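> First the structure, which I've put down as structure tokens, then a few questions once you've had a look.
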Amino acid sequence: MSVEAQQRGDRGALPAGPWFEDFGVGRRIGTAAALPPGADVVSAPTTVLRLAVDSEVLPHSLLRVLETRWQHVFPTPVGEPLEATFTVTACRRVPAEEAGAVQWHADVRDAGGRTVQEGTITVLLPARPGSDGSADRAERAFCTRPWGEALARELADDPAFGSATATWDGAIGLRTGGGSVQLRIYRGEVIEVAPRTPLGATFTLEAAEHVWTDLLTGPSNDFFRRAMSGNSFTVTGDAYEYLRMSRAVMALVDAARRLATGAPA
Amino acid sequence: MIRASYLPVGGAPAYVERSGEGPAVLCLHTAGQSGVQWRGTTDRLAALGYSVIVPDLPGHGRSEPAPGGPVSDLGEYARWCLELLELLEVERPFVVGCSIGGKIALDLAVRAGESLAGVVAMAADARNSRTSVSGLRRELEDAAAPSRSDRTYFGTLAVVGRRVPPERAELIATMHRREDPLVSTSDLLGWATHDLRASLHGIACPTRLVVGDDDLWLDPADVVWTAQQIPRGEVTVLEGIGHYPMEEMDDFPAVLHGWLTDLGAGRTTAPGAGAPGAEE
């Protein structure tokens, strides 16, 4: 019995991975595989999941599907080639299971590049034997408290953010499907990071996990383009303060991108 | 050599630049901006054999405000342009415009197409349905338009095309911050409410619609539809270009020269066909 298997007690011999730790937020895999003619597009998550397995995006033998969310954006042309891009959008350790949940976003496009279906598939993968989560990093755990705390440290050294918020007293909420965090800001400094602040968020930016992932790990800060298009971010709360803080929000996104990508300031 | 004048148009002094000799080309700028957007075009297009005319619309750049205040009816700008052309005794000009300038050019094609050599309407369609009229009306109050300058800057960057080098995009956005918010918002109200759809079939001059495929403000399908309604309508989709082709493209004067040559020669789609042109 291998050392790893010994560490897992009575579970017997283990495969060589991949493990939960092998999947980082922002990892993207494209597949040119096509839905076979006659594929059941109504059960698309299953079909696309099959594609993912066939394309070795996901390990078939270890797969435990926790959740799927799916929508048909346009009618899917049956029998025509489709392409799918899979992006890891969230990773959450589940200590009790000695495993971790990995959320993939799937973008399924027709031959013209138009998204016809999109959704998320969350799977449970075993944790690497012996891992306890102490090495888990917060830089891409978007909209969580640890991420917010790391972001606050990044913003503390950012003169652009400090200047843009130098006359401000408020809180910015950052939310995604899996969680939210608020940055309490006073005169250019983030003075608290918490799930809730006493007076609540002045305004909150909310988007799906894949939108945050694309924004913060993509090639450029295109927050304004996304905001103007009106179909990826929503803003709740005080809309005028949100407008007033346009430069601060851009600085915040710049800082979050540096945090996520390790790029220098 | 650019010749600058202040001319009495629409009851107020208007700043107008002219350069070159040859067929006249009237160049119209975008919302809130000025003729400075054509600074890379004027002399180079003149060198290609045109008489280039670049006005600052009322309330923009160096032109005095319109006597009635900020203009929110693009038809009023179109009438102002016709008055300018008459004052300059220009015959059968081409009209080229971008954004509201493109829509004003379309309006001129509707209003006076038989006396125009042709129209190039960039970053415009017949309706422009992507703008919130109620939001614009709110922003007519300065108190309801916080950080307007920042939003103009970032909003401009957001609609510059992916082919444009970052330093050029930065320059365009920095230049666009110079707007008067009240004038600019009024322009955008005109852009959002001026509906030319019912009049397109009567356009008597050859007309080319131009849209960048990175232009967030427009759906290329709407631009194609607009061109299809015009008897001698044509459309060009610019790959990697956004809302400001004349500021984004180094080779814009030469590209425009090609379009004008086609318009002047009548080399557009046969009446009624209205098929989209090739992407460039």
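Chain identifiers are assigned as A, B, and so on, following the order in which chains appear in the structure tokens; residues are numbered from 1 within each chain, and ligands are numbered from 1 in order of appearance.
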How close does chain B get to chain A? List, as JSON lines, each residue of chain B within 9 Å, its nearest atom pair and the distance in Å to one decimal, counting only C-alpha atoms.

{"residue": "B:Ala144", "atom": "CA", "partner": "A:Tyr240", "partner_atom": "CA", "distance": 7.1}
{"residue": "B:Ala145", "atom": "CA", "partner": "A:Tyr240", "partner_atom": "CA", "distance": 7.7}
{"residue": "B:Pro146", "atom": "CA", "partner": "A:Arg244", "partner_atom": "CA", "distance": 4.9}
{"residue": "B:Ser147", "atom": "CA", "partner": "A:Arg244", "partner_atom": "CA", "distance": 4.9}
{"residue": "B:Arg148", "atom": "CA", "partner": "A:Arg244", "partner_atom": "CA", "distance": 8.2}
{"residue": "B:Asp150", "atom": "CA", "partner": "A:Arg247", "partner_atom": "CA", "distance": 6.5}
{"residue": "B:Arg151", "atom": "CA", "partner": "A:Ser246", "partner_atom": "CA", "distance": 6.7}
{"residue": "B:Phe154", "atom": "CA", "partner": "A:Phe224", "partner_atom": "CA", "distance": 6.5}
{"residue": "B:Gly155", "atom": "CA", "partner": "A:Phe224", "partner_atom": "CA", "distance": 6.5}
{"residue": "B:Leu157", "atom": "CA", "partner": "A:Arg225", "partner_atom": "CA", "distance": 8.3}
{"residue": "B:Ala158", "atom": "CA", "partner": "A:Arg225", "partner_atom": "CA", "distance": 4.8}
{"residue": "B:Val159", "atom": "CA", "partner": "A:Arg225", "partner_atom": "CA", "distance": 7.2}
{"residue": "B:Leu216", "atom": "CA", "partner": "A:Ser229", "partner_atom": "CA", "distance": 7.0}
{"residue": "B:Trp217", "atom": "CA", "partner": "A:Ser229", "partner_atom": "CA", "distance": 8.5}
> I need the alpha helix (DSSP H) residues of stretch 120-250 of chain A per DSSP on the backbone, written as a PyMOL selection string.
chain A and resi 145-156+159-164+209-217+223-229+239-244+246-250
> Could you write out that same residue set with C-alpha atoms as a PDB file, in the first residue's frame?

ATOM      1  CA  ARG A 145     -14.067  37.505   3.699  1.00  0.00           C
ATOM      2  CA  PRO A 146     -10.472  36.231   3.330  1.00  0.00           C
ATOM      3  CA  TRP A 147     -10.408  37.648  -0.189  1.00  0.00           C
ATOM      4  CA  GLY A 148     -11.815  40.952   1.061  1.00  0.00           C
ATOM      5  CA  GLU A 149      -9.101  41.122   3.707  1.00  0.00           C
ATOM      6  CA  ALA A 150      -6.394  40.465   1.117  1.00  0.00           C
ATOM      7  CA  LEU A 151      -7.959  43.076  -1.130  1.00  0.00           C
ATOM      8  CA  ALA A 152      -7.974  45.603   1.715  1.00  0.00           C
ATOM      9  CA  ARG A 153      -4.247  45.051   2.217  1.00  0.00           C
ATOM     10  CA  GLU A 154      -3.689  45.635  -1.500  1.00  0.00           C
ATOM     11  CA  LEU A 155      -5.795  48.804  -1.415  1.00  0.00           C
ATOM     12  CA  ALA A 156      -3.895  50.135   1.590  1.00  0.00           C
ATOM     13  CA  PRO A 159      -2.700  55.859  -3.896  1.00  0.00           C
ATOM     14  CA  ALA A 160      -5.312  55.879  -6.688  1.00  0.00           C
ATOM     15  CA  PHE A 161      -7.894  54.226  -4.445  1.00  0.00           C
ATOM     16  CA  GLY A 162      -6.899  56.370  -1.463  1.00  0.00           C
ATOM     17  CA  SER A 163      -7.298  59.552  -3.484  1.00  0.00           C
ATOM     18  CA  ALA A 164     -10.592  58.475  -5.066  1.00  0.00           C
ATOM     19  CA  GLU A 209     -18.984  33.770 -10.334  1.00  0.00           C
ATOM     20  CA  HIS A 210     -17.873  33.454 -13.947  1.00  0.00           C
ATOM     21  CA  VAL A 211     -18.273  37.204 -14.481  1.00  0.00           C
ATOM     22  CA  TRP A 212     -16.044  37.994 -11.490  1.00  0.00           C
ATOM     23  CA  THR A 213     -13.586  35.366 -12.720  1.00  0.00           C
ATOM     24  CA  ASP A 214     -13.445  36.776 -16.234  1.00  0.00           C
ATOM     25  CA  LEU A 215     -13.147  40.348 -14.953  1.00  0.00           C
ATOM     26  CA  LEU A 216     -10.404  39.644 -12.434  1.00  0.00           C
ATOM     27  CA  THR A 217      -8.345  37.097 -14.371  1.00  0.00           C
ATOM     28  CA  PHE A 223     -15.527  46.636 -15.715  1.00  0.00           C
ATOM     29  CA  PHE A 224     -16.929  49.786 -17.317  1.00  0.00           C
ATOM     30  CA  ARG A 225     -17.736  48.022 -20.567  1.00  0.00           C
ATOM     31  CA  ARG A 226     -19.466  45.283 -18.601  1.00  0.00           C
ATOM     32  CA  ALA A 227     -21.354  47.819 -16.491  1.00  0.00           C
ATOM     33  CA  MET A 228     -22.416  49.808 -19.544  1.00  0.00           C
ATOM     34  CA  SER A 229     -23.640  46.715 -21.355  1.00  0.00           C
ATOM     35  CA  ALA A 239     -26.906  54.528  -7.345  1.00  0.00           C
ATOM     36  CA  TYR A 240     -25.658  58.104  -7.124  1.00  0.00           C
ATOM     37  CA  GLU A 241     -22.895  57.167  -4.703  1.00  0.00           C
ATOM     38  CA  TYR A 242     -22.006  54.317  -7.044  1.00  0.00           C
ATOM     39  CA  LEU A 243     -21.662  56.808  -9.902  1.00  0.00           C
ATOM     40  CA  ARG A 244     -19.681  59.158  -7.680  1.00  0.00           C
ATOM     41  CA  SER A 246     -16.648  55.344 -10.463  1.00  0.00           C
ATOM     42  CA  ARG A 247     -12.916  55.959 -10.212  1.00  0.00           C
ATOM     43  CA  ALA A 248     -12.736  54.207  -6.826  1.00  0.00           C
ATOM     44  CA  VAL A 249     -14.497  51.142  -8.226  1.00  0.00           C
ATOM     45  CA  MET A 250     -12.093  51.016 -11.161  1.00  0.00           C
TER      46      MET A 250
END
> Using only C-alpha atoms, which of B:Gly212, B:Gly264, B:Gly97, B:Pro220 sits nearest B:Gly240?
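Between B:Gly212, B:Gly264, B:Gly97, B:Pro220, the residue approaching B:Gly240 most closely is B:Gly212.
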> Excluding B:Gly161 and residues on its chain fewer than 5 positions from it, collect all residues at most 8 Å away from it, counting only C-alpha atoms, and give them as JSON, numbers by chain.
{"B": [212, 213, 214, 215, 240, 241, 242, 243, 248]}
> Give me every strand (DSSP E) residue in stretch 69-240 of chain A, going by DSSP on the backbone, as a ChimeraX atom specification.
/A:69-72,83-94,99-109,115-126,169-176,179-186,189-194,203-206,234-237
> Could the residues in this selection be written to a file with C-alpha atoms, as a short mmCIF file (atom, residue, chain, number, x, y, z; two decimals), in the first residue's frame?

data_model
loop_
_atom_site.label_atom_id
_atom_site.label_comp_id
_atom_site.auth_asym_id
_atom_site.auth_seq_id
_atom_site.Cartn_x
_atom_site.Cartn_y
_atom_site.Cartn_z
CA ARG A 69 -27.57 25.16 -13.07
CA TRP A 70 -28.35 25.60 -16.71
CA GLN A 71 -30.09 27.87 -19.12
CA HIS A 72 -30.82 27.75 -22.81
CA GLU A 83 -17.84 24.45 -28.85
CA ALA A 84 -17.66 24.73 -25.11
CA THR A 85 -15.35 26.62 -22.80
CA PHE A 86 -15.05 25.44 -19.21
CA THR A 87 -13.80 27.85 -16.58
CA VAL A 88 -13.21 27.08 -12.92
CA THR A 89 -15.12 29.80 -11.08
CA ALA A 90 -15.04 28.69 -7.44
CA CYS A 91 -13.17 26.22 -5.24
CA ARG A 92 -14.40 25.50 -1.72
CA ARG A 93 -12.77 23.00 0.62
CA VAL A 94 -15.11 20.58 2.42
CA ALA A 99 -12.67 16.85 -0.40
CA GLY A 100 -13.43 20.10 -2.12
CA ALA A 101 -16.18 21.46 -4.34
CA VAL A 102 -15.09 22.80 -7.70
CA GLN A 103 -17.51 24.90 -9.69
CA TRP A 104 -17.10 24.98 -13.46
CA HIS A 105 -18.86 27.45 -15.69
CA ALA A 106 -19.64 26.13 -19.14
CA ASP A 107 -20.19 28.38 -22.14
CA VAL A 108 -21.61 26.45 -25.10
CA ARG A 109 -21.45 28.21 -28.45
CA THR A 115 -23.67 31.37 -26.73
CA VAL A 116 -26.62 29.00 -26.98
CA GLN A 117 -26.39 27.45 -23.53
CA GLU A 118 -24.54 28.31 -20.37
CA GLY A 119 -24.51 27.07 -16.85
CA THR A 120 -22.50 25.80 -13.94
CA ILE A 121 -21.56 22.32 -12.81
CA THR A 122 -20.24 21.83 -9.30
CA VAL A 123 -18.38 18.60 -8.58
CA LEU A 124 -16.84 17.16 -5.45
CA LEU A 125 -13.25 16.04 -5.78
CA PRO A 126 -11.10 14.33 -3.16
CA ASP A 169 -17.54 57.56 4.21
CA GLY A 170 -19.37 54.42 3.22
CA ALA A 171 -19.22 50.73 2.47
CA ILE A 172 -18.93 48.85 -0.83
CA GLY A 173 -20.57 45.45 -1.03
CA LEU A 174 -19.17 42.82 -3.37
CA ARG A 175 -21.44 39.88 -3.99
CA THR A 176 -21.61 36.74 -6.05
CA GLY A 179 -21.21 34.83 -0.92
CA SER A 180 -20.65 38.48 -0.22
CA VAL A 181 -18.34 40.79 1.64
CA GLN A 182 -18.39 44.47 2.50
CA LEU A 183 -15.48 46.89 2.62
CA ARG A 184 -16.10 49.69 5.13
CA ILE A 185 -14.25 52.75 3.88
CA TYR A 186 -13.54 56.00 5.69
CA GLU A 189 -8.89 53.70 4.04
CA VAL A 190 -10.62 50.36 4.34
CA ILE A 191 -11.27 50.21 8.07
CA GLU A 192 -13.21 46.95 8.22
CA VAL A 193 -13.90 43.87 6.11
CA ALA A 194 -16.95 41.88 7.14
CA PHE A 203 -23.97 50.15 -2.77
CA THR A 204 -23.32 46.57 -3.80
CA LEU A 205 -21.84 45.19 -7.00
CA GLU A 206 -23.16 41.74 -7.83
CA THR A 234 -26.05 44.66 -11.16
CA VAL A 235 -25.80 47.50 -8.70
CA THR A 236 -28.10 47.83 -5.71
CA GLY A 237 -28.19 50.51 -3.05
#
> Hey, can you check how far atom CA of B:Leu82 sits from atom CA of B:Val237?
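Between atom CA of B:Leu82 and atom CA of B:Val237 the gap works out to 28.5 Å.
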> Residues of stretch 150-223 of chain B that have any atom at most 8 Å from an atom of stretch 58-69 of chain B: could you tabulate them with the shortest-distance atom pair and the distance in Å to one decimal, using only C-alpha atoms, ordered by chain and increasing number, as a tab-separated table?

residue	atom	partner	partner_atom	distance
B:Glu179	CA	B:His60	CA	7.8
B:Asp180	CA	B:His60	CA	7.7
B:Val183	CA	B:Gly59	CA	6.7
> Restricting the calculation to only C-alpha atoms, which member of B:Ser115, B:Ser34, B:Ser19, B:Ser72 is positioned closest to B:Val52?
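Among the listed residues, B:Ser19 lies closest to B:Val52.
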> As an exercise, work out the distance from atom CA of B:Glu86 to atom CA of B:Gly118 in Å and give it to one decimal place.
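Answer for the atom CA of B:Glu86 to atom CA of B:Gly118 separation: 16.9 Å.
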> So that I can check the surroundings of B:Ile100, please list as a PyMOL selection string every protein, DNA and RNA residue that reaches within 12 Å of it, counting only C-alpha atoms and ignoring chain neighbours fewer than 5 positions away.
chain B and resi 27-34+57+71-75+77-78+105-107+121-128+184-194+217+243-244
> List as number ranges by chain the protein and nucleic acid residues near A:Arg258, meaning an atom at most 10 Å away when only C-alpha atoms are counted, but skip any in the same chain fewer than 3 places from it.
A: 139, 151, 154, 216-217, 252-255, 261-265
> For B:Leu45, find every residue with an atom within 9 Å (counting only C-alpha atoms), except residues of its own chain fewer than 5 positions away, and show them as an MDAnalysis selection string.
chainID B and resid 19:20 40 50:52 253:254 256:257
> Do a neighbour search on stretch 8-10 of chain B at 9 Å with only C-alpha atoms, toss out local chain neighbours closer than 3 positions, and write the hits as a list in words.
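Counting only the stated atoms, we get Pro13, Ala14, Pro58, Ala66, Pro67, Arg79, Trp80, Cys81, Glu83, Leu84 and Leu87 of chain B.
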> Could those residues be written to a file, using C-alpha atoms, as a PDB file, in the first residue's frame?

ATOM      1  CA  PRO B  13     -21.063  82.628 -34.315  1.00  0.00           C
ATOM      2  CA  ALA B  14     -19.983  79.175 -35.419  1.00  0.00           C
ATOM      3  CA  PRO B  58     -23.652  75.030 -31.658  1.00  0.00           C
ATOM      4  CA  ALA B  66     -27.401  77.878 -29.704  1.00  0.00           C
ATOM      5  CA  PRO B  67     -29.661  80.895 -28.918  1.00  0.00           C
ATOM      6  CA  ARG B  79     -31.141  72.509 -40.359  1.00  0.00           C
ATOM      7  CA  TRP B  80     -28.107  74.321 -38.945  1.00  0.00           C
ATOM      8  CA  CYS B  81     -25.844  72.304 -41.269  1.00  0.00           C
ATOM      9  CA  GLU B  83     -27.711  76.858 -43.366  1.00  0.00           C
ATOM     10  CA  LEU B  84     -23.924  76.544 -43.095  1.00  0.00           C
ATOM     11  CA  LEU B  87     -23.699  80.256 -46.478  1.00  0.00           C
TER      12      LEU B  87
END
